[in-house]
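Peer 1: To be precise about what I am sending: the file is called run.txt and holds compact mmCIF, C-alpha atoms.
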```txt
# COMPACT_ATOMS: atom_id res chain seq x y z
CA MET W 24 -39.25 -25.21 34.29
CA ILE W 25 -42.05 -24.76 31.76
CA TYR W 26 -40.78 -22.73 28.80
CA MET W 27 -43.15 -20.74 26.62
CA LEU W 28 -42.57 -18.35 23.74
CA ASP W 29 -44.18 -14.91 23.89
CA THR W 30 -44.92 -14.07 20.25
CA ALA W 31 -47.25 -14.41 17.28
CA ASP W 32 -44.36 -14.69 14.81
CA ILE W 33 -45.09 -18.01 13.11
CA GLU W 34 -41.55 -18.53 11.82
CA ALA W 35 -40.10 -17.86 15.28
CA ILE W 36 -42.59 -20.33 16.75
CA LYS W 37 -41.68 -23.03 14.22
CA LYS W 38 -37.99 -22.50 15.00
CA ALA W 39 -38.56 -22.78 18.75
CA VAL W 40 -40.72 -25.90 18.39
CA ASP W 41 -37.96 -27.51 16.35
CA LEU W 42 -35.07 -26.59 18.67
CA TYR W 43 -36.28 -26.19 22.23
CA PRO W 44 -38.35 -28.04 24.87
CA LEU W 45 -41.22 -25.63 24.27
CA ALA W 46 -44.42 -26.12 26.26
CA GLY W 47 -46.48 -23.49 24.51
CA VAL W 48 -46.99 -19.99 23.15
CA THR W 49 -48.41 -16.92 24.82
CA THR W 50 -49.78 -13.83 23.11
CA ASN W 51 -51.18 -10.50 24.25
CA PRO W 52 -53.13 -7.73 22.50
CA SER W 53 -49.95 -5.83 21.59
CA ILE W 54 -48.37 -8.94 20.08
CA ILE W 55 -51.54 -9.70 18.11
CA ALA W 56 -51.79 -6.11 16.88
CA LYS W 57 -48.15 -6.18 15.78
CA ALA W 58 -48.90 -9.21 13.60
CA ASN W 59 -51.56 -7.09 11.84
CA ARG W 60 -53.60 -10.01 10.53
CA PRO W 61 -57.07 -11.33 11.34
CA PHE W 62 -57.15 -12.62 14.90
CA ALA W 63 -58.68 -15.97 13.95
CA ASP W 64 -55.98 -16.58 11.34
CA ILE W 65 -53.24 -15.86 13.88
CA ILE W 66 -54.69 -18.30 16.41
CA ARG W 67 -55.15 -21.03 13.81
CA ASP W 68 -51.64 -20.55 12.44
CA ILE W 69 -50.08 -20.70 15.90
CA ARG W 70 -51.97 -23.88 16.69
CA ALA W 71 -50.84 -25.43 13.42
CA ALA W 72 -47.24 -24.50 14.26
CA ILE W 73 -47.23 -25.85 17.83
CA GLY W 74 -49.42 -28.91 17.34
CA PRO W 75 -52.28 -30.17 19.51
CA ASP W 76 -50.38 -30.89 22.72
CA ARG W 77 -48.74 -27.53 23.48
CA MET W 78 -50.44 -24.67 25.29
CA LEU W 79 -51.74 -21.55 23.57
CA HIS W 80 -52.67 -18.46 25.59
CA ALA W 81 -54.67 -15.49 24.23
CA GLN W 82 -56.16 -12.50 26.03
CA VAL W 83 -59.66 -11.08 26.32
CA MET W 84 -60.19 -7.35 25.72
CA GLY W 85 -63.60 -6.66 27.28
CA LYS W 86 -63.99 -4.11 30.06
CA THR W 87 -66.74 -6.04 31.82
CA ALA W 88 -66.82 -9.62 33.05
CA GLU W 89 -69.78 -10.38 30.79
CA VAL W 90 -67.92 -9.32 27.64
CA MET W 91 -64.76 -11.13 28.76
CA ILE W 92 -66.76 -14.34 29.17
CA GLU W 93 -68.31 -13.94 25.71
CA GLU W 94 -64.87 -13.33 24.21
CA ALA W 95 -63.47 -16.38 25.97
CA GLN W 96 -66.26 -18.58 24.64
CA ALA W 97 -65.71 -17.24 21.12
CA MET W 98 -61.98 -17.97 21.36
CA ARG W 99 -62.75 -21.47 22.55
CA GLU W 100 -64.76 -21.98 19.36
CA LEU W 101 -61.60 -21.14 17.42
CA ASP W 102 -59.44 -23.42 19.56
CA THR W 103 -61.04 -25.74 22.10
CA ASP W 104 -57.82 -25.98 24.14
CA ILE W 105 -56.94 -22.31 24.27
CA ILE W 106 -56.05 -20.85 27.68
CA ILE W 107 -57.74 -17.53 28.30
CA LYS W 108 -55.68 -14.63 29.63
CA VAL W 109 -57.64 -12.31 31.90
CA PRO W 110 -56.28 -9.15 33.58
CA VAL W 111 -56.39 -8.88 37.35
CA THR W 112 -59.00 -6.13 37.51
CA PRO W 113 -62.17 -6.49 39.62
CA GLN W 114 -64.14 -7.35 36.47
CA GLY W 115 -61.38 -9.74 35.46
CA ILE W 116 -61.58 -11.59 38.77
CA LYS W 117 -65.34 -11.88 38.33
CA ALA W 118 -64.77 -13.30 34.85
CA MET W 119 -62.20 -15.78 36.18
CA LYS W 120 -64.71 -17.20 38.65
CA ALA W 121 -67.26 -17.72 35.90
CA LEU W 122 -64.76 -19.18 33.44
CA LYS W 123 -63.48 -21.58 36.09
CA GLU W 124 -67.03 -22.82 36.65
CA ARG W 125 -67.27 -23.49 32.90
CA GLY W 126 -64.08 -25.56 32.97
CA ILE W 127 -62.09 -23.03 30.95
CA ARG W 128 -58.38 -22.73 31.73
CA ILE W 129 -57.23 -19.27 32.81
CA THR W 130 -54.03 -17.26 32.92
CA ALA W 131 -54.23 -14.19 35.14
CA THR W 132 -52.23 -11.42 33.50
CA ALA W 133 -50.98 -7.88 34.16
CA ILE W 134 -49.95 -8.92 37.68
CA LEU W 135 -47.80 -6.42 39.56
CA THR W 136 -48.37 -7.48 43.19
CA PRO W 137 -48.49 -10.77 45.10
CA GLN W 138 -52.00 -10.00 46.35
CA GLN W 139 -53.32 -9.66 42.81
CA ALA W 140 -51.85 -13.07 42.07
CA LEU W 141 -53.24 -14.64 45.22
CA MET W 142 -56.77 -13.46 44.55
CA ALA W 143 -56.57 -14.62 40.94
CA ALA W 144 -55.43 -18.07 42.04
CA VAL W 145 -58.27 -18.34 44.54
CA ALA W 146 -60.66 -17.23 41.76
CA GLY W 147 -59.49 -20.11 39.59
CA ALA W 148 -56.50 -18.98 37.55
CA GLU W 149 -54.12 -21.78 36.61
CA PHE W 150 -51.23 -19.50 35.63
CA LEU W 151 -50.24 -16.22 37.29
CA ALA W 152 -48.24 -13.85 35.08
CA PRO W 153 -46.23 -11.16 36.89
CA TYR W 154 -44.57 -8.55 34.65
CA VAL W 155 -40.92 -8.76 35.65
CA ASN W 156 -39.33 -6.06 33.52
CA ARG W 157 -42.16 -3.59 34.04
CA LEU W 158 -41.62 -3.89 37.77
CA ASP W 159 -37.87 -3.51 37.39
CA ASN W 160 -38.43 -0.38 35.28
CA ILE W 161 -40.20 1.39 38.16
CA CYS W 162 -37.47 0.51 40.68
CA ALA W 163 -39.50 -2.38 42.05
CA ASP W 164 -38.18 -5.95 42.13
CA GLY W 165 -39.87 -8.23 39.62
CA THR W 166 -37.99 -11.28 40.82
CA GLN W 167 -39.01 -10.69 44.43
CA VAL W 168 -42.66 -10.31 43.45
CA ALA W 169 -42.51 -13.60 41.54
CA ALA W 170 -40.81 -15.29 44.49
CA GLU W 171 -43.50 -14.06 46.88
CA ILE W 172 -46.22 -15.33 44.55
CA ALA W 173 -44.55 -18.75 44.41
CA HIS W 174 -44.36 -18.73 48.22
CA LEU W 175 -48.06 -17.89 48.57
CA ILE W 176 -48.98 -20.70 46.16
CA ASP W 177 -47.03 -23.09 48.36
CA VAL W 178 -48.39 -21.75 51.67
CA TYR W 179 -52.01 -22.06 50.60
CA GLN W 180 -51.49 -25.18 48.47
CA LEU W 181 -53.13 -23.56 45.46
CA ASP W 182 -53.46 -25.27 42.10
CA ALA W 183 -51.63 -22.52 40.23
CA LYS W 184 -48.21 -21.73 38.76
CA VAL W 185 -46.17 -18.59 38.33
CA LEU W 186 -45.84 -17.76 34.64
CA ALA W 187 -43.27 -14.98 34.76
CA ALA W 188 -43.46 -12.61 31.80
CA SER W 189 -41.96 -9.37 30.46
CA PHE W 190 -38.24 -10.09 30.15
CA LYS W 191 -35.59 -7.93 28.51
CA ASN W 192 -32.49 -10.00 29.23
CA VAL W 193 -31.22 -13.43 30.20
CA GLN W 194 -30.25 -12.37 33.72
CA GLN W 195 -33.89 -11.62 34.55
CA VAL W 196 -34.87 -15.10 33.37
CA HIS W 197 -32.07 -16.62 35.47
CA GLU W 198 -33.12 -14.75 38.60
CA ILE W 199 -36.73 -15.82 38.11
CA ALA W 200 -35.65 -19.46 37.79
CA LYS W 201 -33.69 -19.19 41.05
CA ALA W 202 -36.72 -17.61 42.72
CA GLY W 203 -38.81 -20.73 42.10
CA ALA W 204 -41.12 -19.63 39.31
CA GLN W 205 -42.62 -22.71 37.70
CA SER W 206 -42.87 -21.28 34.18
CA VAL W 207 -41.68 -18.41 32.01
CA THR W 208 -42.77 -16.87 28.73
CA ILE W 209 -40.00 -15.21 26.77
CA ALA W 210 -39.77 -13.24 23.52
CA PRO W 211 -37.83 -15.00 20.74
CA ASP W 212 -34.79 -12.69 20.86
CA VAL W 213 -34.24 -13.29 24.58
CA PHE W 214 -35.12 -16.99 24.31
CA ASP W 215 -32.33 -17.57 21.78
CA GLN W 216 -29.82 -15.89 24.10
CA LEU W 217 -30.43 -18.40 26.90
CA LEU W 218 -27.94 -20.81 25.32
CA VAL W 219 -25.39 -18.30 24.04
CA HIS W 220 -21.91 -18.14 25.56
CA PRO W 221 -18.65 -17.41 23.71
CA LEU W 222 -16.75 -20.13 25.58
CA THR W 223 -19.33 -22.70 24.49
CA ASP W 224 -18.85 -21.60 20.88
CA SER W 225 -15.06 -21.66 21.13
CA GLY W 226 -15.14 -25.04 22.91
CA VAL W 227 -17.25 -26.62 20.20
CA ALA W 228 -15.05 -25.05 17.51
CA GLY W 229 -12.01 -26.60 19.21
CA PHE W 230 -13.62 -30.05 19.23
CA VAL W 231 -14.42 -29.72 15.53
CA SER W 232 -10.89 -28.59 14.69
CA ASP W 233 -9.24 -31.45 16.59
CA TRP W 234 -11.62 -34.03 15.11
CA GLU W 235 -11.30 -32.86 11.53
CA GLY W 236 -7.51 -32.69 11.86
CA VAL W 237 -7.52 -36.47 12.25
CA TYR W 238 -10.66 -37.73 10.48
CA GLY W 239 -11.15 -35.11 7.79
CA GLU W 240 -13.35 -32.08 7.23
CA GLY W 241 -17.09 -32.63 7.49
CA THR W 242 -16.86 -36.14 8.96
CA THR W 243 -19.15 -37.30 11.78
CA VAL W 244 -18.99 -40.17 14.23
CA LEU W 245 -21.12 -42.14 11.79
CA ASP W 246 -18.34 -41.89 9.21
CA VAL W 247 -15.72 -43.48 11.43
CA ILE W 248 -17.62 -46.23 13.21
```
Please render this file's structure as structure tokens.
Peer 2:
Amino acid sequence: MIYMLDTADIEAIKKAVDLYPLAGVTTNPSIIAKANRPFADIIRDIRAAIGPDRMLHAQVMGKTAEVMIEEAQAMRELDTDIIIKVPVTPQGIKAMKALKERGIRITATAILTPQQALMAAVAGAEFLAPYVNRLDNICADGTQVAAEIAHLIDVYQLDAKVLAASFKNVQQVHEIAKAGAQSVTIAPDVFDQLLVHPLTDSGVAGFVSDWEGVYGEGTTVLDVI
């Protein structure tokens, strides 16, 4: 599983880099707008927080393929390794083809159907981002859509990965993992919950209590070797 953090919160990113096996950070226009700072500063600060080897995804806003391509090139001047998010509209697919020819990495976003994902992958997208919670909210099945995308990737031997997005709870992330999605991008509040369980907390507390009852409060293994 490839874990990514869906945020522009620099402190949350630094925390995740420190604690978790984080492969990268994704953003979208709403996340960028929420940060309410110059776009270039946000991108530079995220890169500084994640280092040179992790992925950074940012989205174009143009309505035509030509503007999307210009935006992508401008973003690449900010960060030469940035992965460009492009929506699965007809103009977006056109832009993906052109960006692929230029050797620019692409994430196809705003995916709600397997056929959108399939066409994006054929057009050159490396990551395919279905919106899980948005599908669930309209009585569709976000997990099933992601599973069908993963199946199509396998059937046609495409060089692409599911990057499941839009999660509101841990169960959605779990179901996506079972469905065979290769990667997920998760908001910080949900990401932190992936490891939370009261029995884990009570188990660790029991270990600490038993240990300190014999070796003393605050001691570690290093103190008793």
Peer 1: Using the file's own x, y and z axes, so that the box edges lie along x, y and z, what centre and edge lengths in Å (one decimal) does a box around every listed atom of range 186-200 of chain W get when 3 Å is added on each side? Give it as AutoDock Vina command-line options.
Peer 2:
```
--center_x -38.0 --center_y -13.7 --center_z 33.6 --size_x 21.6 --size_y 17.5 --size_z 16.1
```
Peer 1: Using only C-alpha atoms, which protein or nucleic acid residues come within 8 Å of Ala188 in chain W? Drop anything in the same chain fewer than 2 positions from it, and give the result as a list in words.
Peer 2: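 These residues fall inside the cut-off: Ala152, Pro153, Tyr154, Val155, Asn156, Leu186, Phe190, Val207, Thr208 and Ile209 of chain W.
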Peer 1: Hey, can you check how far CA of Ser189 in chain W sits from CA of Tyr43 in chain W?
Peer 2: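 Taking CA of Ser189 in chain W and CA of Tyr43 in chain W, their separation equals 19.6 Å.
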Peer 1: With 12 Å as the threshold, what does the neighbourhood of (-59.6, -21.4, 21.8) contain in terms of residues, counting only C-alpha atoms? Coordinates are those of the file; answer as a compact mmCIF listing (two decimals) with C-alpha atoms, keeping the file's coordinate frame.
Peer 2:
```txt
# COMPACT_ATOMS: atom_id res chain seq x y z
CA PHE W 62 -57.15 -12.62 14.90
CA ALA W 63 -58.68 -15.97 13.95
CA ILE W 65 -53.24 -15.86 13.88
CA ILE W 66 -54.69 -18.30 16.41
CA ARG W 67 -55.15 -21.03 13.81
CA ILE W 69 -50.08 -20.70 15.90
CA ARG W 70 -51.97 -23.88 16.69
CA PRO W 75 -52.28 -30.17 19.51
CA MET W 78 -50.44 -24.67 25.29
CA LEU W 79 -51.74 -21.55 23.57
CA HIS W 80 -52.67 -18.46 25.59
CA ALA W 81 -54.67 -15.49 24.23
CA GLN W 82 -56.16 -12.50 26.03
CA VAL W 83 -59.66 -11.08 26.32
CA GLU W 94 -64.87 -13.33 24.21
CA ALA W 95 -63.47 -16.38 25.97
CA GLN W 96 -66.26 -18.58 24.64
CA ALA W 97 -65.71 -17.24 21.12
CA MET W 98 -61.98 -17.97 21.36
CA ARG W 99 -62.75 -21.47 22.55
CA GLU W 100 -64.76 -21.98 19.36
CA LEU W 101 -61.60 -21.14 17.42
CA ASP W 102 -59.44 -23.42 19.56
CA THR W 103 -61.04 -25.74 22.10
CA ASP W 104 -57.82 -25.98 24.14
CA ILE W 105 -56.94 -22.31 24.27
CA ILE W 106 -56.05 -20.85 27.68
CA ILE W 107 -57.74 -17.53 28.30
CA LYS W 108 -55.68 -14.63 29.63
CA ILE W 127 -62.09 -23.03 30.95
CA ARG W 128 -58.38 -22.73 31.73
CA ILE W 129 -57.23 -19.27 32.81
```
Peer 1: Considering only C-alpha atoms, can you say which of W:Ser53, W:Asn59, W:Ser206, W:Ser225 comes closest to Ala187 in chain W?
Peer 2: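 Selected residue with least distance to Ala187 in chain W: W:Ser206.
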Peer 1: What's the separation between CA of Val219 in chain W and CA of Ile161 in chain W, in Å to one decimal place?
Peer 2: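 About the pair CA of Val219 in chain W and CA of Ile161 in chain W: they are 28.4 Å apart.
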Peer 1: Find, counting only C-alpha atoms, the residue in W:Lys37, W:Lys191, W:His220, W:Lys201 that gets nearest to Ala169 in chain W.
Peer 2: W:Lys201
Peer 1: Nearest to Ala210 in chain W among W:Val237, W:Leu222, W:Val90, W:Val196, with distances taken over only C-alpha atoms: which residue is it?
Peer 2: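 Distance minimum relative to Ala210 in chain W lands on W:Val196.
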Peer 1: So, with only C-alpha atoms as the atoms that count, which of W:Val244, W:Ala72, W:Met84, W:Pro113 lies closest to Lys38 in chain W?
Peer 2: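 Among the listed residues, the smallest separation from Lys38 in chain W belongs to W:Ala72.
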Peer 1: Interatomic distance between CA of Arg60 in chain W and CA of Lys86 in chain W?
Peer 2: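 Between these atoms lies a distance of 22.9 Å.
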Peer 1: List the spatial neighbours of Leu28 in chain W as a VMD selection string - criterion: any atom at most 9 Å away, only C-alpha atoms, same-chain residues fewer than 5 positions off excluded.
Peer 2: chain W and resid 35 to 36 39 45 to 50 207 to 211 214
Peer 1: Which residues are close to Gly203 in chain W, i.e. within 10 Å by only C-alpha atoms, leaving aside same-chain residues fewer than 2 positions away? Reply as a list of chain:residue names.
Peer 2: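 Near neighbours after the sequence-gap exclusion: W:Met24, W:Thr166, W:Ala169, W:Ala170, W:Glu171, W:Ile172, W:Ala173, W:His174, W:Val185, W:Glu198, W:Ile199, W:Ala200, W:Lys201, W:Gln205, W:Ser206.
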Peer 1: Next, dump the selected residues to file, keeping only C-alpha atoms, as a compact mmCIF listing (two decimals), in the frame of the given file.
Peer 2:
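Written out: again-v2.txt:
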```
# COMPACT_ATOMS: atom_id res chain seq x y z
CA MET W 24 -39.25 -25.21 34.29
CA THR W 166 -37.99 -11.28 40.82
CA ALA W 169 -42.51 -13.60 41.54
CA ALA W 170 -40.81 -15.29 44.49
CA GLU W 171 -43.50 -14.06 46.88
CA ILE W 172 -46.22 -15.33 44.55
CA ALA W 173 -44.55 -18.75 44.41
CA HIS W 174 -44.36 -18.73 48.22
CA VAL W 185 -46.17 -18.59 38.33
CA GLU W 198 -33.12 -14.75 38.60
CA ILE W 199 -36.73 -15.82 38.11
CA ALA W 200 -35.65 -19.46 37.79
CA LYS W 201 -33.69 -19.19 41.05
CA GLN W 205 -42.62 -22.71 37.70
CA SER W 206 -42.87 -21.28 34.18
```
Peer 1: Can you pull out every residue within 9 Å of Thr243 in chain W, counting all atoms listed in the file, but drop anything in the same chain fewer than 4 positions away, and send it as a ChimeraX atom specification?
Peer 2: /W:234,238,247
Peer 1: Need to verify the contact set: range 141-149 of chain W, 8 Å, only C-alpha atoms, exclusion of same-chain residues closer than 2 positions in sequence. Can you return it as a list of chain:residue names?
Peer 2: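 The filter keeps W:Val111, W:Ile116, W:Lys117, W:Met119, W:Lys120, W:Lys123, W:Arg128, W:Ile129, W:Thr130, W:Ala131, W:Pro137, W:Gln138, W:Gln139, W:Leu151, W:Ile172, W:Leu175, W:Ile176, W:Leu181, W:Asp182, W:Ala183, W:Lys184.
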Peer 1: Generate the coordinates of all heavy atoms for range 120-131 of chain W; report them as a short mmCIF file (atom, residue, chain, number, x, y, z; two decimals), keeping the file's coordinate frame.
Peer 2:
```cif
data_model
loop_
_atom_site.label_atom_id
_atom_site.label_comp_id
_atom_site.auth_asym_id
_atom_site.auth_seq_id
_atom_site.Cartn_x
_atom_site.Cartn_y
_atom_site.Cartn_z
N LYS W 120 -63.84 -16.30 37.89
CA LYS W 120 -64.71 -17.20 38.65
C LYS W 120 -65.70 -17.91 37.72
O LYS W 120 -65.92 -19.12 37.83
CB LYS W 120 -65.47 -16.42 39.73
CG LYS W 120 -64.60 -15.85 40.82
CD LYS W 120 -65.44 -15.31 41.98
CE LYS W 120 -66.37 -14.20 41.53
NZ LYS W 120 -67.23 -13.72 42.63
N ALA W 121 -66.28 -17.14 36.81
CA ALA W 121 -67.26 -17.72 35.90
C ALA W 121 -66.61 -18.68 34.90
O ALA W 121 -67.17 -19.75 34.59
CB ALA W 121 -67.99 -16.60 35.15
N LEU W 122 -65.44 -18.32 34.39
CA LEU W 122 -64.76 -19.18 33.44
C LEU W 122 -64.31 -20.48 34.10
O LEU W 122 -64.38 -21.56 33.50
CB LEU W 122 -63.56 -18.46 32.84
CG LEU W 122 -63.88 -17.25 31.95
CD1 LEU W 122 -62.60 -16.53 31.53
CD2 LEU W 122 -64.68 -17.67 30.71
N LYS W 123 -63.87 -20.38 35.34
CA LYS W 123 -63.48 -21.58 36.09
C LYS W 123 -64.66 -22.53 36.23
O LYS W 123 -64.53 -23.75 36.06
CB LYS W 123 -62.94 -21.18 37.46
CG LYS W 123 -62.58 -22.35 38.37
CD LYS W 123 -61.41 -23.14 37.82
CE LYS W 123 -60.95 -24.20 38.82
NZ LYS W 123 -59.82 -25.00 38.30
N GLU W 124 -65.82 -21.99 36.52
CA GLU W 124 -67.03 -22.82 36.65
C GLU W 124 -67.38 -23.52 35.34
O GLU W 124 -67.96 -24.61 35.35
CB GLU W 124 -68.21 -21.96 37.10
CG GLU W 124 -68.11 -21.49 38.54
CD GLU W 124 -69.26 -20.59 38.94
OE1 GLU W 124 -70.11 -20.29 38.06
OE2 GLU W 124 -69.32 -20.19 40.12
N ARG W 125 -67.00 -22.91 34.22
CA ARG W 125 -67.27 -23.49 32.90
C ARG W 125 -66.16 -24.45 32.47
O ARG W 125 -66.21 -24.98 31.36
CB ARG W 125 -67.43 -22.38 31.87
CG ARG W 125 -68.71 -21.56 32.03
CD ARG W 125 -68.62 -20.27 31.22
NE ARG W 125 -69.89 -19.56 31.13
CZ ARG W 125 -70.42 -18.83 32.08
NH1 ARG W 125 -69.79 -18.71 33.25
NH2 ARG W 125 -71.57 -18.21 31.90
N GLY W 126 -65.17 -24.64 33.30
CA GLY W 126 -64.08 -25.56 32.97
C GLY W 126 -63.08 -25.00 31.99
O GLY W 126 -62.35 -25.75 31.34
N ILE W 127 -63.00 -23.68 31.88
CA ILE W 127 -62.09 -23.03 30.95
C ILE W 127 -60.80 -22.66 31.69
O ILE W 127 -60.83 -22.06 32.77
CB ILE W 127 -62.74 -21.77 30.34
CG1 ILE W 127 -63.95 -22.18 29.48
CG2 ILE W 127 -61.74 -20.98 29.50
CD1 ILE W 127 -64.75 -21.02 28.94
N ARG W 128 -59.68 -23.01 31.11
CA ARG W 128 -58.38 -22.73 31.73
C ARG W 128 -58.07 -21.24 31.63
O ARG W 128 -58.35 -20.59 30.62
CB ARG W 128 -57.28 -23.55 31.07
CG ARG W 128 -57.49 -25.04 31.21
CD ARG W 128 -56.47 -25.83 30.40
NE ARG W 128 -55.13 -25.76 31.01
CZ ARG W 128 -54.06 -26.30 30.44
NH1 ARG W 128 -54.15 -26.90 29.26
NH2 ARG W 128 -52.88 -26.21 31.05
N ILE W 129 -57.42 -20.71 32.69
CA ILE W 129 -57.23 -19.27 32.81
C ILE W 129 -55.78 -18.95 33.16
O ILE W 129 -55.17 -19.60 34.01
CB ILE W 129 -58.13 -18.70 33.94
CG1 ILE W 129 -59.59 -19.07 33.72
CG2 ILE W 129 -57.95 -17.19 34.07
CD1 ILE W 129 -60.41 -19.03 35.00
N THR W 130 -55.27 -17.90 32.51
CA THR W 130 -54.03 -17.26 32.92
C THR W 130 -54.36 -15.85 33.39
O THR W 130 -54.92 -15.06 32.62
CB THR W 130 -53.02 -17.20 31.76
OG1 THR W 130 -52.58 -18.51 31.45
CG2 THR W 130 -51.81 -16.35 32.14
N ALA W 131 -54.05 -15.55 34.62
CA ALA W 131 -54.23 -14.19 35.14
C ALA W 131 -53.03 -13.35 34.71
O ALA W 131 -51.88 -13.73 34.94
CB ALA W 131 -54.34 -14.21 36.65
#
```
